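Input: a single structure, listed below in structure tokens.
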Amino acid sequence: MLVRQICNKRCVVIEEDAVVASALKKLEAAAIPMAPVLDEQQKIRGVVSLEVLRGAAANRLLANTPVAGVMSEDFLSISDDASLDSLWELPTYYLVVMDSQAMPWSIVTKDQIGGSLFRSIKKRADQLENVLEFAHNGIIGINKEGVVTVYNRAAEEIIWRKKKDALGRHLSQVIIPQGLLDILETGEVQLAHKFTVEYANHIRTYMTHRTPIFANGEIIGAVGVFQDISEIEAISNELNSVKQLNEELRTIIDASYDGILVADAEGVVHRVNGAFERVMGIDAKDILDQPLDKAVDNISTTIVAAVTTSKKRQSTVVERAGSQLLLTGNPVLDKKEELTRVVINVRDLTELNELRSQLEQSEELTRRYHSELNELRNQLMEEKGIVVHSAKMKKVLDLVLRVAQVDSTVLLLGESGVGKEIVAKVIHANSKREQGPFIKVNCGAIPENLLESELFGYEPGAFTGASRDGKLGLFELAHNGTLLLDEIGDLPLSLQVKLLRAIQDREIYRVGGQQPRLINVRIVAATNQNLEEMRQKGEFREDLYFRLNVIPINIPPLRERKEEIVPLVKKFKNHFCEVYGLERQLSPEVTDCFWHYDWPGNIRELENIIERLVVTSRFQTITVEELPEHLQVKGRNGSPGLNLSGIMPLKDAMLELEKQLLSQALKEYGSTYKAAQALGVNQSTIVRKINRIKDEFGIDLNVNS
Ligand SMILES: Nc1ncnc2c1ncn2[C@@H]1O[C@H](COP(=O)(O)OP(=O)(O)OP(=O)(O)O)[C@@H](O)[C@H]1O
């Protein structure tokens, strides 16, 4: 600030020989507080103030004396552009400000300069205070004792502590990161130090710069400036993930087997992958960041142009270097449906076609192998006289053949007569034990007291009646082979534990023997009982159950694989005809009855019936009448099929059918009343028809009414 800025009025001058009273009058008239006193040469001799003049004028002795007697000589002349700061240092109280003509213009006192300086410093201090207070960054200043001396609003928000609770306290009581105290020790600037603050429901990241404050070469404090960089941090993280995504995208595009080229709406190429270079026979560096050039890649240029114009997908197939290529250009549109990119995808159809034909060939091969395998399997089964026609049994057989290869224990489950034994034999015949023995023991058929010695054998003289030579048990007989434990559900509990030990330890003790005997036997167990239920009821040991149930195989009952009935019938009929030297046929109605029957005894029942029919039939063609009754009644719609022997007059045929129908209905229902109900006619109709049949055929259907 310049001195001229605090001089507001030109002063008057007093001549040296002027008396006090007249000088006072002059000052009062001019309304100025002081004036310079000049001598005759217009040189400043001193300064008089209004106050001094008033004091002197009040004294009669002084009032008419020259002002020189009361003036102050404690003054200096200064120019009007002197700065207040420099004037403050001057030793005199009055400063006479000279104008450009070197004439006194105004007088300022040290008090005035001090006041002005104070006001200007105060203003500056207030400004600084405001700057600090309203700065966006948090600012904390400490003195050399570590006591907080500066603390602004932003710091309040970051640190969550009010200014009044921070100022005057030691930093350690105000904030946790106390790196600022270290600065007092080291005197080193610490820039860009990052730290995070966890608030109730969010975390923010700050960056601080810590600087020591020096005065006269000594550290007198430190200042920390905090900046909330959470948003910047978030943006930077986002940028990182965008970079990562971009990198990922690049890798994916590069890894694509199809060729990919990305161009913008102007046709400038932004990306090209290796496959594109390979398939199209171009070098990426020739086209990257440049508009597609017809000369370099005519096809891509055409496609990009077509997509740009139509904003629709465009495809074309071209031949290049002996390869058939499918090029597809896809438009990429922004929210305003403006085209931003064109992505060209190139696929080498030649390779694809080759691959497809290879696949077709290998599928064909698989199909052929599959059917050959099926044929072989059927052949194998046929050779062994085993019929496997249904999907269910084919599945079972597949499993059986796979299981046969390993030595695992198998549990065969299924109703009586479904073919469990035959399956056990298939397992044996297809295992590596094929050359070893196949031994079957029916656990339910042997009395309990004999079963143990049957299974495990006995030592000479083991019990009364025992052979003197002792006896091999079935386990030993089955050594290196397969032992079928049929009806395993009937195995007494006492023997179950011994069987378990034999299976687990692979050794047995003969009855009366002390020495264990090693055995190498594959166990196949079979049952038509519900072993699981028996286990739950405690009728079958749990440990043995789980030991046997390693691979359970369910063999479905015949009624669930009816497609096997006809081939089985054929097989058994041929077999028994051959055995008994007979020639027999089954009428189609018989087969029909078989189809509709439930076969509770399964294949064994079917086998027995065929044998019986072959042996007992008096005719070459076995008809429904020769079937056991329970089989006859279960024909289509609950009755065996009606049977006419060739072409005959319709009237006779109707009569014949009536006869058969009535005969069956009467047999089944036992009374004309019930038969009438079943046939949906009156009882009197039934009676009339019975009489007519008697007249026509001479047959008495002979029923109770
Ligand atoms: N798929 C088949 N093909 C030809 N014959 C079969 C077939 N399945 C079973 N058999 C014959 O049926 C009869 C009964 O079969 P098997 O003895 O194997 O039944 P199972 O289930 O063991 O009977 P059980 O439970 O009464 O011991 C046997 O004569 C067997 O040869």
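Numbering starts fresh at 1 for the residues of each chain in the structure tokens, the chains themselves are lettered A, B, ... in the order given, and ligands are numbered from 1 as they appear.
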Let me see if you get this right: every residue at most 10 Å from ligand 1, counting only C-alpha atoms and all ligand atoms, written as a VMD selection string. chain A and resid 381 to 382 384 to 390 393 397 412 to 425 442 484 486 to 487 526 to 529 555 to 558 564 to 565 567 to 569 571 to 572 601 to 608
Output C-alpha atoms for every residue in that selection, as a PDB file, in the first residue's frame.
```
ATOM      1  CA  MET A 381     -27.234-115.055 -26.718  1.00  0.00           C
ATOM      2  CA  GLU A 382     -28.969-117.139 -29.341  1.00  0.00           C
ATOM      3  CA  LYS A 384     -26.579-119.980 -25.666  1.00  0.00           C
ATOM      4  CA  GLY A 385     -30.347-120.236 -26.148  1.00  0.00           C
ATOM      5  CA  ILE A 386     -30.998-116.977 -24.385  1.00  0.00           C
ATOM      6  CA  VAL A 387     -33.677-114.702 -25.768  1.00  0.00           C
ATOM      7  CA  VAL A 388     -33.001-110.966 -25.403  1.00  0.00           C
ATOM      8  CA  HIS A 389     -35.403-108.897 -27.482  1.00  0.00           C
ATOM      9  CA  SER A 390     -36.899-106.213 -25.281  1.00  0.00           C
ATOM     10  CA  MET A 393     -33.492-106.852 -21.261  1.00  0.00           C
ATOM     11  CA  LEU A 397     -27.577-107.461 -20.741  1.00  0.00           C
ATOM     12  CA  LEU A 412     -29.504-110.413  -9.045  1.00  0.00           C
ATOM     13  CA  LEU A 413     -33.024-109.376  -8.138  1.00  0.00           C
ATOM     14  CA  GLY A 414     -36.244-110.470  -9.791  1.00  0.00           C
ATOM     15  CA  GLU A 415     -39.308-112.631  -9.493  1.00  0.00           C
ATOM     16  CA  SER A 416     -39.051-116.385  -9.614  1.00  0.00           C
ATOM     17  CA  GLY A 417     -38.355-117.724 -13.100  1.00  0.00           C
ATOM     18  CA  VAL A 418     -37.261-114.420 -14.703  1.00  0.00           C
ATOM     19  CA  GLY A 419     -33.851-115.814 -15.627  1.00  0.00           C
ATOM     20  CA  LYS A 420     -31.568-114.905 -12.722  1.00  0.00           C
ATOM     21  CA  GLU A 421     -29.590-118.108 -13.033  1.00  0.00           C
ATOM     22  CA  ILE A 422     -29.223-117.722 -16.755  1.00  0.00           C
ATOM     23  CA  VAL A 423     -27.899-114.162 -16.211  1.00  0.00           C
ATOM     24  CA  ALA A 424     -25.459-115.465 -13.578  1.00  0.00           C
ATOM     25  CA  LYS A 425     -24.187-117.921 -16.169  1.00  0.00           C
ATOM     26  CA  ASN A 442     -29.775-123.000  -3.598  1.00  0.00           C
ATOM     27  CA  LEU A 484     -24.100-118.466  -7.475  1.00  0.00           C
ATOM     28  CA  ASP A 486     -29.404-118.621  -5.210  1.00  0.00           C
ATOM     29  CA  GLU A 487     -32.287-117.749  -2.886  1.00  0.00           C
ATOM     30  CA  ALA A 526     -29.770-114.024  -6.391  1.00  0.00           C
ATOM     31  CA  THR A 527     -33.142-113.683  -4.750  1.00  0.00           C
ATOM     32  CA  ASN A 528     -36.794-113.152  -5.531  1.00  0.00           C
ATOM     33  CA  GLN A 529     -37.397-111.710  -2.082  1.00  0.00           C
ATOM     34  CA  ILE A 555     -34.342-108.489 -14.042  1.00  0.00           C
ATOM     35  CA  PRO A 556     -37.816-107.402 -15.121  1.00  0.00           C
ATOM     36  CA  PRO A 557     -40.721-109.864 -15.035  1.00  0.00           C
ATOM     37  CA  LEU A 558     -41.944-111.322 -18.330  1.00  0.00           C
ATOM     38  CA  GLU A 564     -40.011-111.635 -25.720  1.00  0.00           C
ATOM     39  CA  ILE A 565     -43.022-113.964 -25.440  1.00  0.00           C
ATOM     40  CA  PRO A 567     -39.477-115.630 -29.570  1.00  0.00           C
ATOM     41  CA  LEU A 568     -39.441-117.523 -26.270  1.00  0.00           C
ATOM     42  CA  VAL A 569     -42.474-119.570 -27.327  1.00  0.00           C
ATOM     43  CA  LYS A 571     -37.539-121.316 -28.916  1.00  0.00           C
ATOM     44  CA  PHE A 572     -39.185-123.579 -26.339  1.00  0.00           C
ATOM     45  CA  GLY A 601     -44.173-117.719 -12.921  1.00  0.00           C
ATOM     46  CA  ASN A 602     -42.388-115.848 -15.694  1.00  0.00           C
ATOM     47  CA  ILE A 603     -40.215-117.685 -18.247  1.00  0.00           C
ATOM     48  CA  ARG A 604     -40.131-120.863 -16.255  1.00  0.00           C
ATOM     49  CA  GLU A 605     -43.950-120.995 -16.331  1.00  0.00           C
ATOM     50  CA  LEU A 606     -43.962-120.317 -20.089  1.00  0.00           C
ATOM     51  CA  GLU A 607     -41.342-123.001 -20.657  1.00  0.00           C
ATOM     52  CA  ASN A 608     -43.323-125.550 -18.629  1.00  0.00           C
TER      53      ASN A 608
END
```
Residue list (strand (DSSP E or B), DSSP) for segment 27-90 of chain A, as number ranges by chain: A: 34-38, 44-49, 66, 72, 75-79, 83
Could you dump the residues just selected with N, CA and C atoms as a PDB file, in the first residue's frame?
```pdb
ATOM      1  N   MET A  34      -2.940  18.866  11.044  1.00  0.00           N
ATOM      2  CA  MET A  34      -1.575  19.341  11.223  1.00  0.00           C
ATOM      3  C   MET A  34      -1.062  19.984   9.938  1.00  0.00           C
ATOM      4  N   ALA A  35       0.049  20.715  10.106  1.00  0.00           N
ATOM      5  CA  ALA A  35       0.588  21.393   8.924  1.00  0.00           C
ATOM      6  C   ALA A  35       2.097  21.553   9.079  1.00  0.00           C
ATOM      7  N   PRO A  36       2.794  21.584   7.929  1.00  0.00           N
ATOM      8  CA  PRO A  36       4.237  21.797   8.019  1.00  0.00           C
ATOM      9  C   PRO A  36       4.535  23.297   8.255  1.00  0.00           C
ATOM     10  N   VAL A  37       5.666  23.515   8.922  1.00  0.00           N
ATOM     11  CA  VAL A  37       6.081  24.908   9.178  1.00  0.00           C
ATOM     12  C   VAL A  37       7.266  25.182   8.251  1.00  0.00           C
ATOM     13  N   LEU A  38       7.124  26.261   7.416  1.00  0.00           N
ATOM     14  CA  LEU A  38       8.169  26.540   6.439  1.00  0.00           C
ATOM     15  C   LEU A  38       8.915  27.832   6.817  1.00  0.00           C
ATOM     16  N   ILE A  44      11.022  23.119   4.960  1.00  0.00           N
ATOM     17  CA  ILE A  44      10.216  22.642   6.086  1.00  0.00           C
ATOM     18  C   ILE A  44      11.097  22.646   7.341  1.00  0.00           C
ATOM     19  N   ARG A  45      10.568  23.364   8.361  1.00  0.00           N
ATOM     20  CA  ARG A  45      11.343  23.438   9.599  1.00  0.00           C
ATOM     21  C   ARG A  45      10.765  22.526  10.652  1.00  0.00           C
ATOM     22  N   GLY A  46       9.503  22.269  10.559  1.00  0.00           N
ATOM     23  CA  GLY A  46       8.884  21.403  11.570  1.00  0.00           C
ATOM     24  C   GLY A  46       7.448  21.163  11.219  1.00  0.00           C
ATOM     25  N   VAL A  47       6.728  20.564  12.205  1.00  0.00           N
ATOM     26  CA  VAL A  47       5.318  20.233  11.999  1.00  0.00           C
ATOM     27  C   VAL A  47       4.546  20.667  13.230  1.00  0.00           C
ATOM     28  N   VAL A  48       3.401  21.334  13.033  1.00  0.00           N
ATOM     29  CA  VAL A  48       2.544  21.639  14.187  1.00  0.00           C
ATOM     30  C   VAL A  48       1.201  20.950  13.994  1.00  0.00           C
ATOM     31  N   SER A  49       0.683  20.498  15.145  1.00  0.00           N
ATOM     32  CA  SER A  49      -0.620  19.837  15.057  1.00  0.00           C
ATOM     33  C   SER A  49      -1.669  20.730  15.667  1.00  0.00           C
ATOM     34  N   PRO A  66       5.751  32.949  18.072  1.00  0.00           N
ATOM     35  CA  PRO A  66       5.852  32.253  16.787  1.00  0.00           C
ATOM     36  C   PRO A  66       5.686  30.735  16.969  1.00  0.00           C
ATOM     37  N   SER A  72       7.042  20.660  16.178  1.00  0.00           N
ATOM     38  CA  SER A  72       7.849  19.457  16.397  1.00  0.00           C
ATOM     39  C   SER A  72       8.840  19.312  15.246  1.00  0.00           C
ATOM     40  N   PHE A  75      10.348  14.988  12.263  1.00  0.00           N
ATOM     41  CA  PHE A  75       9.653  14.680  11.012  1.00  0.00           C
ATOM     42  C   PHE A  75      10.665  14.306   9.936  1.00  0.00           C
ATOM     43  N   LEU A  76      10.089  13.731   8.876  1.00  0.00           N
ATOM     44  CA  LEU A  76      10.887  13.436   7.678  1.00  0.00           C
ATOM     45  C   LEU A  76      10.023  13.706   6.462  1.00  0.00           C
ATOM     46  N   SER A  77      10.681  14.128   5.374  1.00  0.00           N
ATOM     47  CA  SER A  77       9.917  14.318   4.133  1.00  0.00           C
ATOM     48  C   SER A  77       9.980  13.011   3.337  1.00  0.00           C
ATOM     49  N   ILE A  78       8.842  12.661   2.783  1.00  0.00           N
ATOM     50  CA  ILE A  78       8.818  11.405   2.000  1.00  0.00           C
ATOM     51  C   ILE A  78       8.071  11.666   0.706  1.00  0.00           C
ATOM     52  N   SER A  79       8.296  10.754  -0.287  1.00  0.00           N
ATOM     53  CA  SER A  79       7.553  10.932  -1.539  1.00  0.00           C
ATOM     54  C   SER A  79       6.197  10.224  -1.420  1.00  0.00           C
ATOM     55  N   SER A  83       5.990   3.093   0.173  1.00  0.00           N
ATOM     56  CA  SER A  83       5.066   2.056   0.676  1.00  0.00           C
ATOM     57  C   SER A  83       4.971   2.155   2.184  1.00  0.00           C
TER      58      SER A  83
END
```
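A straight line drawn from atom CA of Leu548 of chain A to atom CA of Ile439 of chain A is 17.2 Å long.
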Between A:Thr196, A:Gln504, A:Asn691, A:Gln227, which residue has the minimum interatomic distance to Ala135 of chain A, considering only C-alpha atoms?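 Nearest to Ala135 of chain A: A:Gln227.
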Any chance you could list, as a PyMOL selection string, the residues in segment 350-573 of chain A that come up alpha helix (DSSP H) when DSSP is run on the backbone? chain A and resi 350-383+391-404+420-429+448-456+474-477+493-505+531-537+542-548+565-573
Report as a ChimeraX atom specification all protein, DNA and RNA residues lying within 10 Å of segment 489-493 of chain A, evaluated on only C-alpha atoms, omitting residues in the same chain fewer than 4 positions from it. /A:442-449,451-452,485,497-499,525-531,534-535,538-541,545
For Leu327 of chain A, which residue among A:Asp348, A:Glu625, A:Glu277, A:Glu611 is the nearest when counting only C-alpha atoms?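 Closest candidate: A:Asp348.
Reported to one decimal place, the separation of atom CA of Trp595 of chain A from atom CA of Ser671 of chain A is 28.1 Å.
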As number ranges by chain, please: the residues near Gln324 of chain A (cut-off 7 Å, only C-alpha atoms, same-chain neighbours under 2 positions excluded). A: 317-320, 322, 326, 348-350
Could you turn the residues from that selection into a file that holds N, CA and C atoms, as a PDB file, in the first residue's frame?
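Now in selection-v2.pdb:
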```pdb
ATOM      1  N   VAL A 317     -20.685 -65.839 -50.004  1.00  0.00           N
ATOM      2  CA  VAL A 317     -19.765 -66.982 -50.019  1.00  0.00           C
ATOM      3  C   VAL A 317     -18.817 -66.774 -51.191  1.00  0.00           C
ATOM      4  N   VAL A 318     -17.519 -66.880 -50.896  1.00  0.00           N
ATOM      5  CA  VAL A 318     -16.542 -66.683 -51.981  1.00  0.00           C
ATOM      6  C   VAL A 318     -15.528 -67.825 -51.964  1.00  0.00           C
ATOM      7  N   GLU A 319     -14.900 -68.000 -53.099  1.00  0.00           N
ATOM      8  CA  GLU A 319     -13.827 -68.991 -53.206  1.00  0.00           C
ATOM      9  C   GLU A 319     -12.520 -68.234 -53.096  1.00  0.00           C
ATOM     10  N   ARG A 320     -11.644 -68.698 -52.267  1.00  0.00           N
ATOM     11  CA  ARG A 320     -10.332 -68.051 -52.201  1.00  0.00           C
ATOM     12  C   ARG A 320      -9.276 -69.116 -51.909  1.00  0.00           C
ATOM     13  N   GLY A 322      -8.731 -71.881 -53.170  1.00  0.00           N
ATOM     14  CA  GLY A 322      -9.257 -73.247 -53.093  1.00  0.00           C
ATOM     15  C   GLY A 322     -10.160 -73.490 -51.906  1.00  0.00           C
ATOM     16  N   LEU A 326     -17.275 -68.203 -46.019  1.00  0.00           N
ATOM     17  CA  LEU A 326     -18.549 -67.513 -45.773  1.00  0.00           C
ATOM     18  C   LEU A 326     -18.227 -66.226 -45.015  1.00  0.00           C
ATOM     19  N   ASP A 348     -14.288 -70.544 -42.671  1.00  0.00           N
ATOM     20  CA  ASP A 348     -13.821 -71.397 -43.758  1.00  0.00           C
ATOM     21  C   ASP A 348     -14.736 -72.612 -43.844  1.00  0.00           C
ATOM     22  N   LEU A 349     -15.634 -72.574 -44.839  1.00  0.00           N
ATOM     23  CA  LEU A 349     -16.618 -73.649 -44.970  1.00  0.00           C
ATOM     24  C   LEU A 349     -15.968 -74.950 -45.410  1.00  0.00           C
ATOM     25  N   THR A 350     -14.842 -74.851 -46.071  1.00  0.00           N
ATOM     26  CA  THR A 350     -14.186 -76.068 -46.539  1.00  0.00           C
ATOM     27  C   THR A 350     -13.847 -76.943 -45.346  1.00  0.00           C
TER      28      THR A 350
END
```
Counting only C-alpha atoms, the option among A:Ile508, A:Val342, A:Val225, A:Val524 closest to Glu476 of chain A: A:Ile508
